[in-house]
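Below is the file work-v4.json, which contains JSON, C-alpha atoms.
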```json
[["chain", "number", "residue", "atom", "x", "y", "z"],
["J", 1, "MET", "CA", -177.59, -84.40, -1.46],
["J", 2, "PHE", "CA", -173.84, -84.94, -0.98],
["J", 3, "LYS", "CA", -171.66, -83.20, -3.57],
["J", 4, "LYS", "CA", -168.42, -85.00, -4.41],
["J", 5, "LYS", "CA", -165.36, -82.89, -3.70],
["J", 6, "ASN", "CA", -163.20, -81.74, -6.58],
["J", 7, "ASN", "CA", -159.72, -81.15, -5.18],
["J", 8, "TYR", "CA", -156.54, -80.79, -7.20],
["J", 9, "ALA", "CA", -152.99, -81.69, -6.18],
["J", 10, "PHE", "CA", -149.98, -79.71, -7.34],
["J", 11, "ILE", "CA", -146.81, -81.74, -6.84],
["J", 12, "ASP", "CA", -143.21, -80.55, -6.80],
["J", 13, "SER", "CA", -141.79, -83.84, -8.08],
["J", 14, "GLN", "CA", -138.13, -83.02, -7.46],
["J", 15, "ASN", "CA", -138.73, -82.03, -3.84],
["J", 16, "LEU", "CA", -140.97, -85.05, -3.31],
["J", 17, "ASN", "CA", -138.54, -87.52, -4.86],
["J", 18, "LEU", "CA", -135.39, -86.23, -3.15],
["J", 19, "SER", "CA", -137.10, -85.88, 0.24],
["J", 20, "ILE", "CA", -138.44, -89.43, 0.18],
["J", 21, "LYS", "CA", -135.06, -90.79, -0.95],
["J", 22, "ALA", "CA", -133.45, -88.97, 2.01],
["J", 23, "LEU", "CA", -135.78, -91.00, 4.26],
["J", 24, "GLY", "CA", -134.31, -94.18, 2.76],
["J", 25, "TRP", "CA", -137.16, -95.39, 0.60],
["J", 26, "LYS", "CA", -138.59, -95.00, -2.88],
["J", 27, "LEU", "CA", -142.09, -93.69, -3.56],
["J", 28, "ASP", "CA", -144.55, -95.78, -5.58],
["J", 29, "PHE", "CA", -146.12, -93.01, -7.64],
["J", 30, "ALA", "CA", -149.13, -95.14, -8.64],
["J", 31, "ARG", "CA", -149.93, -95.87, -5.00],
["J", 32, "PHE", "CA", -149.40, -92.20, -4.15],
["J", 33, "ARG", "CA", -151.90, -91.15, -6.83],
["J", 34, "LYS", "CA", -154.49, -93.52, -5.35],
["J", 35, "TYR", "CA", -153.72, -92.22, -1.86],
["J", 36, "LEU", "CA", -154.36, -88.65, -3.01],
["J", 37, "THR", "CA", -157.72, -89.69, -4.43],
["J", 38, "ASP", "CA", -158.78, -91.71, -1.39],
["J", 39, "LYS", "CA", -157.50, -89.38, 1.33],
["J", 40, "TYR", "CA", -157.99, -85.94, -0.20],
["J", 41, "ASP", "CA", -160.61, -86.43, -2.96],
["J", 42, "VAL", "CA", -158.08, -85.40, -5.61],
["J", 43, "THR", "CA", -159.62, -85.54, -9.06],
["J", 44, "LYS", "CA", -156.59, -84.07, -10.88],
["J", 45, "ALA", "CA", -152.96, -84.40, -9.84],
["J", 46, "TYR", "CA", -150.50, -82.11, -11.59],
["J", 47, "LEU", "CA", -146.92, -83.37, -11.42],
["J", 48, "PHE", "CA", -144.26, -80.77, -12.23],
["J", 49, "ILE", "CA", -141.16, -82.46, -13.55],
["J", 50, "GLY", "CA", -138.03, -81.62, -15.51],
["J", 51, "TYR", "CA", -137.97, -83.20, -18.95],
["J", 52, "ILE", "CA", -134.95, -85.38, -19.74],
["J", 53, "ASP", "CA", -134.55, -87.22, -23.05],
["J", 54, "GLY", "CA", -134.59, -90.96, -22.49],
["J", 55, "ASN", "CA", -137.05, -90.91, -19.57],
["J", 56, "ASN", "CA", -140.10, -91.45, -21.78],
["J", 57, "ASP", "CA", -141.02, -94.76, -20.09],
["J", 58, "LEU", "CA", -141.10, -92.97, -16.74],
["J", 59, "TYR", "CA", -143.29, -90.18, -18.10],
["J", 60, "ILE", "CA", -145.69, -92.66, -19.70],
["J", 61, "ALA", "CA", -145.91, -94.64, -16.44],
["J", 62, "LEU", "CA", -146.68, -91.46, -14.48],
["J", 63, "GLN", "CA", -149.41, -90.48, -16.93],
["J", 64, "GLU", "CA", -150.87, -93.99, -16.85],
["J", 65, "ALA", "CA", -150.94, -93.74, -13.04],
["J", 66, "GLY", "CA", -153.19, -90.70, -13.39],
["J", 67, "TYR", "CA", -150.85, -87.71, -13.24],
["J", 68, "ILE", "CA", -151.02, -84.73, -15.53],
["J", 69, "CYS", "CA", -147.34, -84.11, -16.20],
["J", 70, "ILE", "CA", -146.20, -80.55, -16.71],
["J", 71, "PHE", "CA", -142.71, -80.66, -18.15],
["J", 72, "LYS", "CA", -140.00, -78.10, -17.63],
["J", 73, "PRO", "CA", -137.03, -77.99, -20.00],
["J", 74, "THR", "CA", -133.85, -78.92, -18.14],
["J", 75, "LEU", "CA", -130.30, -77.66, -18.36],
["J", 76, "GLU", "CA", -127.39, -80.07, -18.23],
["J", 77, "TYR", "CA", -124.26, -78.62, -16.69],
["J", 78, "LYS", "CA", -120.64, -79.49, -17.52],
["J", 79, "ASP", "CA", -120.30, -81.40, -14.25],
["J", 80, "GLY", "CA", -123.07, -83.78, -15.38],
["J", 81, "THR", "CA", -125.80, -82.42, -13.13],
["J", 82, "THR", "CA", -129.19, -81.53, -14.52],
["J", 83, "LYS", "CA", -131.39, -78.66, -13.35],
["J", 84, "GLY", "CA", -135.07, -78.15, -14.07],
["J", 85, "ASN", "CA", -136.71, -75.93, -11.47],
["J", 86, "CYS", "CA", -140.50, -76.20, -11.78],
["J", 87, "ASP", "CA", -141.59, -73.77, -9.06],
["J", 88, "ALA", "CA", -142.96, -71.10, -11.40],
["J", 89, "GLU", "CA", -144.94, -73.69, -13.36],
["J", 90, "LEU", "CA", -146.55, -75.05, -10.19],
["J", 91, "VAL", "CA", -147.63, -71.57, -9.09],
["J", 92, "LEU", "CA", -148.85, -70.70, -12.59],
["J", 93, "TRP", "CA", -150.91, -73.88, -13.02],
["J", 94, "SER", "CA", -152.46, -73.60, -9.56],
["J", 95, "MET", "CA", -153.71, -70.16, -10.62],
["J", 96, "ILE", "CA", -154.78, -71.25, -14.13],
["J", 97, "GLU", "CA", -156.86, -74.03, -12.58],
["J", 98, "TYR", "CA", -158.05, -71.90, -9.62],
["J", 99, "PRO", "CA", -161.70, -71.62, -10.75],
["J", 100, "ASN", "CA", -161.90, -75.36, -11.47],
["J", 101, "TYR", "CA", -161.08, -76.90, -8.08],
["J", 102, "ASP", "CA", -162.67, -76.74, -4.65],
["J", 103, "LYS", "CA", -159.41, -76.97, -2.68],
["J", 104, "ALA", "CA", -155.73, -77.36, -3.50],
["J", 105, "ILE", "CA", -153.22, -79.77, -2.03],
["J", 106, "ILE", "CA", -149.60, -78.71, -2.49],
["J", 107, "VAL", "CA", -146.95, -81.44, -2.19],
["J", 108, "THR", "CA", -143.56, -79.96, -1.30],
["J", 109, "GLY", "CA", -141.28, -78.94, 1.53],
["J", 110, "ASP", "CA", -139.92, -75.97, -0.44],
["J", 111, "GLY", "CA", -140.39, -72.55, 1.14],
["J", 112, "ASP", "CA", -140.62, -70.91, -2.27],
["J", 113, "PHE", "CA", -144.32, -71.81, -2.17],
["J", 114, "HIS", "CA", -145.01, -69.81, 0.99],
["J", 115, "CYS", "CA", -146.77, -67.01, -0.90],
["J", 116, "LEU", "CA", -148.95, -69.45, -2.86],
["J", 117, "VAL", "CA", -150.01, -71.38, 0.23],
["J", 118, "LYS", "CA", -150.73, -68.15, 2.13],
["J", 119, "HIS", "CA", -152.87, -66.83, -0.74],
["J", 120, "LEU", "CA", -154.84, -70.06, -1.08],
["J", 121, "ILE", "CA", -155.49, -70.21, 2.68],
["J", 122, "GLU", "CA", -156.70, -66.60, 2.70],
["J", 123, "LYS", "CA", -159.07, -67.37, -0.20],
["J", 124, "GLN", "CA", -160.30, -70.57, 1.53],
["J", 125, "LYS", "CA", -159.10, -72.66, -1.42],
["J", 126, "PHE", "CA", -156.49, -74.68, 0.47],
["J", 127, "LEU", "CA", -156.80, -78.13, 1.99],
["J", 128, "ALA", "CA", -153.32, -79.39, 2.84],
["J", 129, "LEU", "CA", -149.60, -78.88, 2.52],
["J", 130, "LEU", "CA", -148.26, -82.41, 2.17],
["J", 131, "ILE", "CA", -144.61, -82.33, 3.19],
["J", 132, "PRO", "CA", -142.50, -85.33, 2.19],
["J", 133, "ASN", "CA", -140.07, -85.18, 5.12],
["J", 134, "ARG", "CA", -141.01, -83.64, 8.47],
["J", 135, "TYR", "CA", -137.32, -83.40, 9.42],
["J", 136, "ARG", "CA", -136.18, -81.50, 6.33],
["J", 137, "PHE", "CA", -138.45, -78.74, 5.11],
["J", 138, "SER", "CA", -138.32, -74.97, 4.91],
["J", 139, "ALA", "CA", -138.84, -72.86, 8.03],
["J", 140, "LEU", "CA", -141.00, -70.61, 5.82],
["J", 141, "LEU", "CA", -143.66, -73.34, 5.94],
["J", 142, "LYS", "CA", -143.63, -73.56, 9.75],
["J", 143, "VAL", "CA", -145.62, -70.36, 10.29],
["J", 144, "GLU", "CA", -148.70, -70.32, 12.52],
["J", 145, "LEU", "CA", -151.11, -69.70, 9.60],
["J", 146, "PHE", "CA", -150.06, -73.01, 8.00],
["J", 147, "LYS", "CA", -150.05, -75.27, 11.10],
["J", 148, "ASN", "CA", -153.57, -76.68, 10.66],
["J", 149, "HIS", "CA", -152.78, -77.54, 7.04],
["J", 150, "LEU", "CA", -149.45, -79.38, 7.48],
["J", 151, "ARG", "CA", -149.41, -83.12, 6.73],
["J", 152, "PHE", "CA", -146.30, -85.30, 6.59],
["J", 153, "MET", "CA", -145.41, -88.35, 4.55],
["J", 154, "ASN", "CA", -142.87, -89.87, 6.98],
["J", 155, "ASP", "CA", -145.38, -92.36, 8.37],
["J", 156, "LEU", "CA", -146.70, -93.40, 4.96],
["J", 157, "ARG", "CA", -143.84, -95.72, 4.04],
["J", 158, "MET", "CA", -145.87, -98.90, 4.55],
["J", 159, "LYS", "CA", -148.63, -97.58, 2.28],
["J", 160, "LEU", "CA", -146.59, -95.84, -0.39],
["J", 161, "GLU", "CA", -143.19, -97.49, -0.69],
["J", 162, "TYR", "CA", -142.28, -98.91, -4.08],
["J", 163, "LYS", "CA", -141.74, -102.64, -3.89],
["J", 164, "LYS", "CA", -140.13, -104.37, -6.81],
["J", 165, "LYS", "CA", -142.53, -106.96, -8.17],
["J", 166, "SER", "CA", -141.37, -110.55, -8.28],
["J", 167, "PRO", "CA", -141.94, -112.50, -11.49],
["J", 168, "HIS", "CA", -144.80, -114.97, -11.58],
["J", 169, "LYS", "CA", -144.07, -118.65, -12.01],
["J", 170, "ASP", "CA", -144.26, -118.14, -15.78],
["J", 171, "LYS", "CA", -141.52, -115.45, -15.45],
["J", 172, "THR", "CA", -143.85, -112.56, -16.36],
["J", 173, "LEU", "CA", -144.45, -109.54, -14.18]]
```
Show me this structure written as structure tokens.
Amino acid sequence: MFKKKNNYAFIDSQNLNLSIKALGWKLDFARFRKYLTDKYDVTKAYLFIGYIDGNNDLYIALQEAGYICIFKPTLEYKDGTTKGNCDAELVLWSMIEYPNYDKAIIVTGDGDFHCLVKHLIEKQKFLALLIPNRYRFSALLKVELFKNHLRFMNDLRMKLEYKKKSPHKDKTL
């Protein structure tokens, strides 16, 4: 009898968002969640994101699309920039959930996750490193051990690009 796979995705939302924007398009997070389910048998998708007051509609939309949002408090600097590094949370949650998933998919191009990916590969708990931009990612992720696990999102624009919905004839969305 065929056992359904139970894979989890751990997503560095800042790296994903900025990398896709650098490619000149905007990611449709709902489509991306479906893609993860269809392509990688992802049953849970953890999205690590900095929390900013006023973005509640965004957070609700992400949760309705099927993400489990793990929020990191952010710091706002005098120059108006906001910082909310979620790397430690992603590593922590991938280890908290370790006994509950078959394989992990990590979505990032950030080399800070080298040690996590290496550990998961060595323990045979790793499926894929989904890198948002093949032209801009850390050299730490280009090591021989990772090569069979690298996947890139550059060619997924047609499937995953956000397209603003036009109103229906009755002016509703």
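With all atoms listed in the file as the atoms that count, the residue of J:Phe29, J:Tyr77, J:Tyr162, J:Tyr46 with the shortest distance to Leu90 of chain J is J:Tyr46.
Taking atom CA of Lys5 of chain J as the reference point, atom CA of Leu47 of chain J is found at 20.0 Å.
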Sorted per-residue table, segment 1-53 of chain J near segment 137-144 of chain J, closest atoms and distance, 12 Å, only C-alpha atoms, as a Markdown table:
```
| residue | atom | partner | partner_atom | distance |
| --- | --- | --- | --- | --- |
| J:Asn15 | CA | J:Phe137 | CA | 9.5 |
| J:Leu16 | CA | J:Phe137 | CA | 10.8 |
| J:Leu18 | CA | J:Phe137 | CA | 11.6 |
| J:Ser19 | CA | J:Phe137 | CA | 8.7 |
| J:Ile20 | CA | J:Phe137 | CA | 11.8 |
| J:Ala22 | CA | J:Phe137 | CA | 11.8 |
```
>> I'd like the neighbourhood of Lys103 of chain J as a list of chain:residue names, where a residue qualifies if any of its atoms comes within 6 Å (using all atoms listed in the file), though same-chain residues fewer than 2 positions away should be ignored.
In response: J:Asn7, J:Tyr101, J:Lys125, J:Phe126, J:Leu127
For the selection just defined, write its residues with C-alpha atoms to a file, as a PDB file, keeping the file's coordinate frame.
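Writing the result to result.pdb gives the following:
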```pdb
ATOM      1  CA  ASN J   7    -159.720 -81.150  -5.180  1.00  0.00           C
ATOM      2  CA  TYR J 101    -161.080 -76.900  -8.080  1.00  0.00           C
ATOM      3  CA  LYS J 125    -159.100 -72.660  -1.420  1.00  0.00           C
ATOM      4  CA  PHE J 126    -156.490 -74.680   0.470  1.00  0.00           C
ATOM      5  CA  LEU J 127    -156.800 -78.130   1.990  1.00  0.00           C
TER       6      LEU J 127
END
```
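Across the model, the gap from atom CA of Asp53 of chain J to atom CA of Thr81 of chain J is 14.1 Å.
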